[in-house]
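Chemist: Here it is, the structure in full.
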Amino acid sequence: MVTLGELGMVRGVECDAAGGVVVRLAPTYAGCPALAEIRADVAAALRAAGFAPVRVVTVWSPPWTTEWISAAGRRKLADAGIAPPGPVPARGGGPVPLVLGARRPAVACPRCGGRETEEVSRCGASLCTALWRCRACREPFEHLRGV
Amino acid sequence: MNDEAWGVPEAEGGRWAFGTGFADPLHGVDVAVPAGVDGAELARVCVALADDALVGAQRLAEWVTRAPEIEIELALANVGLDLLGQARLLYTRAGQVDGSGRGEDAFAFTRSAPEFRCLRLAELPRGDFAFTVLRLLVLSSARLAVLERLAGAADPVLAAVAERGVAEVAYHRLFAAEWVVRLGDGTAESRRRLRRAVVEVEPWLGEVVDDRVGAGLGVAAGAVRAACARDWRRVGEEAGVRLPLPAPWDRAPGGRAGVHTEHLPVLLAELGSVAREHPGAAW
């Protein structure tokens with residue numbers, strides 16, 4: 001299981017002397033339908049563990065990117081059949097350049113490890129994934145695209 | 001102090017299925033308005049950008065079950081979902097700072113067409129696939145230029161939404177640009193469709209490139225035009241099709257002034273049908 005911490009979504013957890021706890025969570029995509037569920041799950045888990053009151057603070061800035069995913073998180077994603085994102089170059093303050101015809105960096109197949117893979121679609125079944133295919137084992141797989 | 005007092009109103013009992021029972025897209029965000037920020041102007045910008053996103057998302061959603069391949073259908077729906085996410089945050093922010101206390105649904109479902117501030121290009125009917133990807137390229141080039149600059153806005157909520165939106169819209173632009181190149185560089189039929197799409201979008205480009213939506217919040221005049229010129233030249237060279245940069249717009253009232261095409265009321269009628277039938281419904 002990949003944890004929210006490994007995904008880089010937890011920006012901080014603070015307890016006070018009275019047993020209250022504040023969790024700072026960074027959302028991934030603005031349109032991600034799981035955001036509210038994640039928030040409620042975190043609050044429910046803390047309440048079940050005896051903390052009260054529980055407060056979840058949403059942190060949009062600095063924004064979450066795939067660079068926040070830890071090494072352990074990447075390993076677990078691959079174990080679950082989702083190819084982890086590659087490195088994303090840091091962007092300065094300027095405009096985002098439009099780069100056409102760039103070769104996609106090779107993505108290793110999370111099933112067989114083969115590197116003879118190809119992108120089928122830039123957008124996969126969820127907001128955060130692209131659809132890829134392995135030419136060696138012939139299996140399709142999801143790739144968490146780097147943003 | 002209970003959880004409610006801490007701003008955690010999400011009663012477990014209200015959630016009957018995944019994703020239900022959550023009312024506030026800005027839940028848990030510090031929504032204080034910094035001193036010196038003009039709430040009316042901030043709301044105006046948020047509503048205009050949210051309207052572009054909501055109307056654009058609705059047109060993209062119309063492709064579901066109609067796209068040439070399921071992968072394309074997913075891609076267009078996901079681009080629309082990104083835009084819908086941005087719209088929800090922006091409407092919510094607008095209702096907090098314009099003094100009305102309106103929520104996202106009030107903005108989305110209870111306004112009539114003349115109250116919408118979207119660009120008219122966003123509201124034109126779905127068209128064919130070439131029109132869809134060309135329109136997406138045009139609108140995302142312009143939106144990206146605006147969001148890049150609003151990432152430095154004085155309002156921290158708008159700045160954060162814009163900053164996160166940049167990464168999303170840059171991806172939309174790349175997706176659209178690659179398809180425009182593929183169609184322009186494809187078969188005789190795909191080239192013919194793309195050329196027709198260029199003719200179809202052309203009358204609406206002035207309003208897009210000379211858009212002054214963020215002018216009151218520091219988006220420099222000419223920034224959108226310069227960004228579009230750069231992007232369209234680059235894509236046009238690869239696609240072998242010229243994407244014309246329009247003459248300076250004469251500023252006849254357009255979508256930003258509430259003047260729309262006959263297509264917007266039809267879109268809004270469908271978009272708001274459930275909300276009208278079940279006023280105040282939540283799920």
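Identifiers in this document derive from the order of the structure tokens: chains are assigned A, B, ..., residues are numbered from 1 separately in each chain, and ligands are numbered from 1 in order of occurrence.
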So which bits of stretch 52-200 of chain B end up helix (DSSP H, G or I) when you DSSP the backbone, as an NGL selection string?

Modeler: :B and (52-61 or 70-97 or 104-109 or 113-115 or 120-123 or 129-150 or 156-184 or 188-200)

Chemist: Residues of the last selection are to be written out with C-alpha atoms, as a compact mmCIF listing (two decimals), in the first residue's frame.

Modeler:
```txt
# COMPACT_ATOMS: atom_id res chain seq x y z
CA ASP B 52 -14.25 29.49 -19.63
CA ALA B 53 -13.40 26.30 -17.74
CA LEU B 54 -16.97 25.17 -17.02
CA VAL B 55 -18.24 25.79 -20.54
CA GLY B 56 -15.09 24.27 -22.05
CA ALA B 57 -15.44 21.20 -19.80
CA GLN B 58 -19.07 20.75 -20.87
CA ARG B 59 -18.10 20.79 -24.57
CA LEU B 60 -15.32 18.26 -23.92
CA ALA B 61 -17.72 16.04 -21.94
CA ILE B 70 -11.87 5.12 -26.10
CA GLU B 71 -8.40 6.49 -25.32
CA ILE B 72 -9.35 9.80 -26.95
CA GLU B 73 -12.62 9.86 -25.08
CA LEU B 74 -10.77 9.39 -21.79
CA ALA B 75 -8.25 12.05 -22.68
CA LEU B 76 -10.86 14.67 -23.58
CA ALA B 77 -12.94 13.83 -20.51
CA ASN B 78 -9.86 14.12 -18.29
CA VAL B 79 -8.93 17.50 -19.73
CA GLY B 80 -12.51 18.55 -19.00
CA LEU B 81 -12.23 17.20 -15.45
CA ASP B 82 -9.12 19.30 -14.86
CA LEU B 83 -11.01 22.38 -16.05
CA LEU B 84 -14.03 21.52 -13.94
CA GLY B 85 -11.76 21.28 -10.88
CA GLN B 86 -10.38 24.75 -11.63
CA ALA B 87 -13.90 26.13 -12.16
CA ARG B 88 -15.12 24.80 -8.80
CA LEU B 89 -12.27 26.45 -6.90
CA LEU B 90 -12.63 29.74 -8.78
CA TYR B 91 -16.43 29.98 -8.35
CA THR B 92 -16.06 29.21 -4.66
CA ARG B 93 -13.45 31.93 -4.29
CA ALA B 94 -15.62 34.41 -6.21
CA GLY B 95 -18.57 33.78 -3.88
CA GLN B 96 -16.35 34.41 -0.86
CA VAL B 97 -15.03 37.76 -2.02
CA GLU B 104 -20.24 27.06 -6.82
CA ASP B 105 -23.64 25.64 -7.82
CA ALA B 106 -25.25 29.09 -7.74
CA PHE B 107 -22.67 30.34 -10.23
CA ALA B 108 -22.83 27.26 -12.44
CA PHE B 109 -26.57 26.57 -12.51
CA ALA B 113 -26.37 33.36 -20.48
CA PRO B 114 -25.88 37.17 -20.34
CA GLU B 115 -24.45 36.75 -16.83
CA ARG B 120 -17.35 32.89 -27.18
CA LEU B 121 -14.91 30.42 -28.75
CA ALA B 122 -15.39 28.20 -25.67
CA GLU B 123 -19.16 27.98 -26.17
CA PHE B 129 -12.33 16.24 -33.73
CA ALA B 130 -10.13 18.67 -35.68
CA PHE B 131 -12.18 21.62 -34.44
CA THR B 132 -12.08 20.28 -30.88
CA VAL B 133 -8.30 19.93 -30.70
CA LEU B 134 -7.66 23.22 -32.52
CA ARG B 135 -10.02 25.07 -30.17
CA LEU B 136 -8.35 23.37 -27.19
CA LEU B 137 -4.94 24.51 -28.46
CA VAL B 138 -6.14 28.11 -28.85
CA LEU B 139 -7.91 28.29 -25.49
CA SER B 140 -5.18 26.52 -23.53
CA SER B 141 -2.40 28.70 -25.02
CA ALA B 142 -4.29 31.79 -23.89
CA ARG B 143 -5.37 30.37 -20.52
CA LEU B 144 -1.81 29.23 -19.76
CA ALA B 145 -0.49 32.75 -20.41
CA VAL B 146 -3.06 34.23 -18.01
CA LEU B 147 -2.56 31.60 -15.28
CA GLU B 148 1.26 31.92 -15.44
CA ARG B 149 0.88 35.59 -14.55
CA LEU B 150 -1.90 35.16 -11.99
CA PRO B 156 -3.15 33.71 -2.18
CA VAL B 157 -6.12 31.51 -3.13
CA LEU B 158 -6.24 32.70 -6.75
CA ALA B 159 -2.43 32.53 -6.90
CA ALA B 160 -2.44 28.92 -5.69
CA VAL B 161 -5.20 27.84 -8.08
CA ALA B 162 -3.34 29.52 -10.95
CA GLU B 163 0.00 27.99 -9.98
CA ARG B 164 -1.44 24.49 -9.87
CA GLY B 165 -3.50 25.19 -13.01
CA VAL B 166 -0.36 26.01 -14.99
CA ALA B 167 0.86 22.41 -14.83
CA GLU B 168 -2.56 21.11 -15.90
CA VAL B 169 -3.17 23.55 -18.75
CA ALA B 170 0.38 23.12 -20.08
CA TYR B 171 -0.50 19.45 -20.49
CA HIS B 172 -3.77 20.30 -22.27
CA ARG B 173 -1.86 22.55 -24.64
CA LEU B 174 0.67 19.82 -25.40
CA PHE B 175 -2.06 17.22 -25.96
CA ALA B 176 -3.92 19.56 -28.33
CA ALA B 177 -0.75 20.71 -30.13
CA GLU B 178 0.37 17.14 -30.81
CA TRP B 179 -3.02 16.30 -32.31
CA VAL B 180 -3.05 19.44 -34.46
CA VAL B 181 0.38 18.43 -35.79
CA ARG B 182 -0.77 14.85 -36.36
CA LEU B 183 -3.85 15.98 -38.29
CA GLY B 184 -1.95 18.58 -40.30
CA ALA B 188 -5.52 14.43 -47.11
CA GLU B 189 -8.75 14.07 -45.16
CA SER B 190 -7.23 15.02 -41.79
CA ARG B 191 -5.52 18.04 -43.39
CA ARG B 192 -8.79 19.11 -44.99
CA ARG B 193 -10.58 18.86 -41.64
CA LEU B 194 -7.85 20.83 -39.87
CA ARG B 195 -7.91 23.59 -42.51
CA ARG B 196 -11.68 23.81 -42.15
CA ALA B 197 -11.27 24.06 -38.37
CA VAL B 198 -8.84 26.97 -38.83
CA VAL B 199 -11.50 28.79 -40.85
CA GLU B 200 -14.12 28.02 -38.19
```

Chemist: Set the distance at 7 Å and use only C-alpha atoms: which residues neighbour A:Glu14 once local chain neighbours fewer than 3 positions away are removed? I'd like the list as a list in words.

Modeler: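 The filter keeps Val21, Val22 and Val23 of chain A.
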
Chemist: Go ahead and write the selection's residues with C-alpha atoms as a PDB file, in the first residue's frame.

Modeler:
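Output contents, as saved in selection02.pdb:
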```pdb
ATOM      1  CA  VAL A  21      -4.165  17.400  15.875  1.00  0.00           C
ATOM      2  CA  VAL A  22      -3.741  19.458  12.716  1.00  0.00           C
ATOM      3  CA  VAL A  23      -2.797  17.738   9.441  1.00  0.00           C
TER       4      VAL A  23
END
```

Chemist: For the interface of chain A with chain B (cut-off 8 Å, counting only C-alpha atoms), please tabulate each contacting residue of chain A alongside its nearest pair of atoms and their separation in Å to one decimal, rows sorted by chain and increasing number, as CSV.

Modeler:
```
residue,atom,partner,partner_atom,distance
A:Tyr29,CA,B:Asp82,CA,7.2
A:Ala30,CA,B:Gly85,CA,4.7
A:Gly31,CA,B:Gly85,CA,3.6
A:Cys32,CA,B:Gly85,CA,7.3
A:Pro33,CA,B:Gly19,CA,6.4
A:Ala34,CA,B:Gly19,CA,6.5
A:Ala36,CA,B:Phe22,CA,6.6
A:Glu37,CA,B:Gly19,CA,5.9
A:Ala40,CA,B:Glu10,CA,7.3
A:Ala52,CA,B:Asp3,CA,7.6
A:Pro53,CA,B:Asp3,CA,5.4
A:Val54,CA,B:Asp3,CA,6.2
A:Arg55,CA,B:Trp6,CA,6.0
A:Val56,CA,B:Gly28,CA,6.0
A:Val57,CA,B:Gly28,CA,4.3
A:Thr58,CA,B:Gly28,CA,4.7
A:Val59,CA,B:Val29,CA,6.6
A:Trp60,CA,B:Ala160,CA,5.6
A:Ser61,CA,B:Ala160,CA,5.5
A:Pro62,CA,B:Ala160,CA,7.6
A:Pro63,CA,B:Arg164,CA,5.7
A:Trp64,CA,B:Arg164,CA,7.8
A:Pro95,CA,B:Glu148,CA,6.7
A:Val96,CA,B:Ala170,CA,7.0
A:Leu98,CA,B:Leu174,CA,6.7
A:Val99,CA,B:Leu174,CA,7.7
A:Leu100,CA,B:Glu178,CA,6.9
A:Gly101,CA,B:Glu178,CA,7.9
A:Ser121,CA,B:Glu71,CA,6.1
A:Arg122,CA,B:Ala75,CA,7.2
A:Cys123,CA,B:Ala75,CA,4.7
A:Gly124,CA,B:Leu74,CA,6.6
A:Ala125,CA,B:Leu74,CA,6.4
A:Ser126,CA,B:Asn78,CA,7.2
A:Leu127,CA,B:Asn78,CA,5.6
A:Val147,CA,B:Ala167,CA,6.5
```

Chemist: May I have the residues within 10 Å of A:Cys137 as a PDB file with C-alpha atoms, in the first residue's frame, using only C-alpha atoms and disregarding those fewer than 6 positions away in the same chain?

Modeler:
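Okay, result-v9.pdb is ready:
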```
ATOM      1  CA  CYS A 109       7.419  -2.009 -17.753  1.00  0.00           C
ATOM      2  CA  ARG A 111       5.485  -6.166 -14.862  1.00  0.00           C
ATOM      3  CA  CYS A 112       8.563  -7.501 -16.648  1.00  0.00           C
ATOM      4  CA  GLY A 113      11.007  -4.623 -16.302  1.00  0.00           C
ATOM      5  CA  GLY A 114      11.420  -4.436 -20.083  1.00  0.00           C
ATOM      6  CA  GLU A 116      10.781  -1.700 -24.974  1.00  0.00           C
ATOM      7  CA  THR A 117       7.642   0.218 -24.129  1.00  0.00           C
TER       8      THR A 117
END
```

Chemist: What does the structure give for the distance between atom CA of A:Asp79 and atom CA of A:Arg39, in Å to one decimal?

Modeler: 25.1 Å

Chemist: Just to confirm, what's the straight-line distance from atom CA of A:Glu118 to atom CA of A:Leu131 in Å (one decimal)?

Modeler: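 Atom-to-atom, atom CA of A:Glu118 and atom CA of A:Leu131 are spaced 8.9 Å apart.
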
Chemist: May I ask which of the residues B:Leu205, B:Val33, B:Ala221, B:Ala48 is the closest one to B:Leu243, counting only C-alpha atoms?

Modeler: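 Ranking B:Leu205, B:Val33, B:Ala221, B:Ala48 by distance to B:Leu243, first place goes to B:Leu205.
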
Chemist: Which of these, A:Thr66, A:Gly12, A:Leu35, A:Val120, has the shortest distance to A:Pro89 once you count only C-alpha atoms?

Modeler: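 That would be A:Thr66, the residue with the smallest distance to A:Pro89.
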
Chemist: If you run DSSP on the backbone, which residues of chain A are strand (DSSP E), as a ChimeraX atom specification?

Modeler: /A:10-15,21-25,54-58,82-83,117-121,129-134,140-144

Chemist: Please report the interatomic distance between atom CA of A:Val88 and atom CA of A:Ala136 in Å with one decimal.

Modeler: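 Spanning atom CA of A:Val88 to atom CA of A:Ala136 is a straight-line distance of 26.4 Å.
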